[in-house]
Structures are given as C-alpha cells and as structure tokens.
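Structure first, then comments.
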Amino acid sequence: MNDIEYLDIDLDKDSYNKLTEYCKIKKVSKNEAIKMIIKDISESIKKEGR
C-alpha cells in the first residue's frame, strides 16, 4: 500500500511566486519545499501543544 497522497492545489500568482522564491532560497524543488513547509507547520503545532 502506498503512503503517498497527491494534492491538486491552486495558488494565486503571489503565492506561487513566494513558493518559487522559497525554492530558490532553499535550493529545493517545489515538492520538497512544500514538504519542508508542512514539517514546519507540524513542529509549530507540537510546540503549541495541540
């Protein structure tokens, strides 16, 4: 069984540009950037005790 879920997301132009800029800064693909962002969100949730 596969653990991967595929997302089909629509980003406005500003959000897409910010994601692209983040990718350039971190030198990662969009896929990796989104994984990093989700990991950061997960860690923030843990710190808040939720």
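In the structure tokens, the first chain shown is A, the next is B, and so on; residue numbers restart at 1 for each chain, and ligands run from 1 in the order shown.
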Practice prompt. Name the residues in contact with segment 7-15 of chain A at a cut-off of 12 Å, using only C-alpha atoms, excluding same-chain residues fewer than 4 positions from it; report them as JSON, numbers by chain.
Written response: {"A": [19, 20, 21, 22, 31, 34, 35]}
Item to complete: Taking the chain letters and numbering used in this document, name the residues of chain A that DSSP puts in helix (DSSP H, G or I), as a ChimeraX atom specification.
Response: /A:13-26,30-48
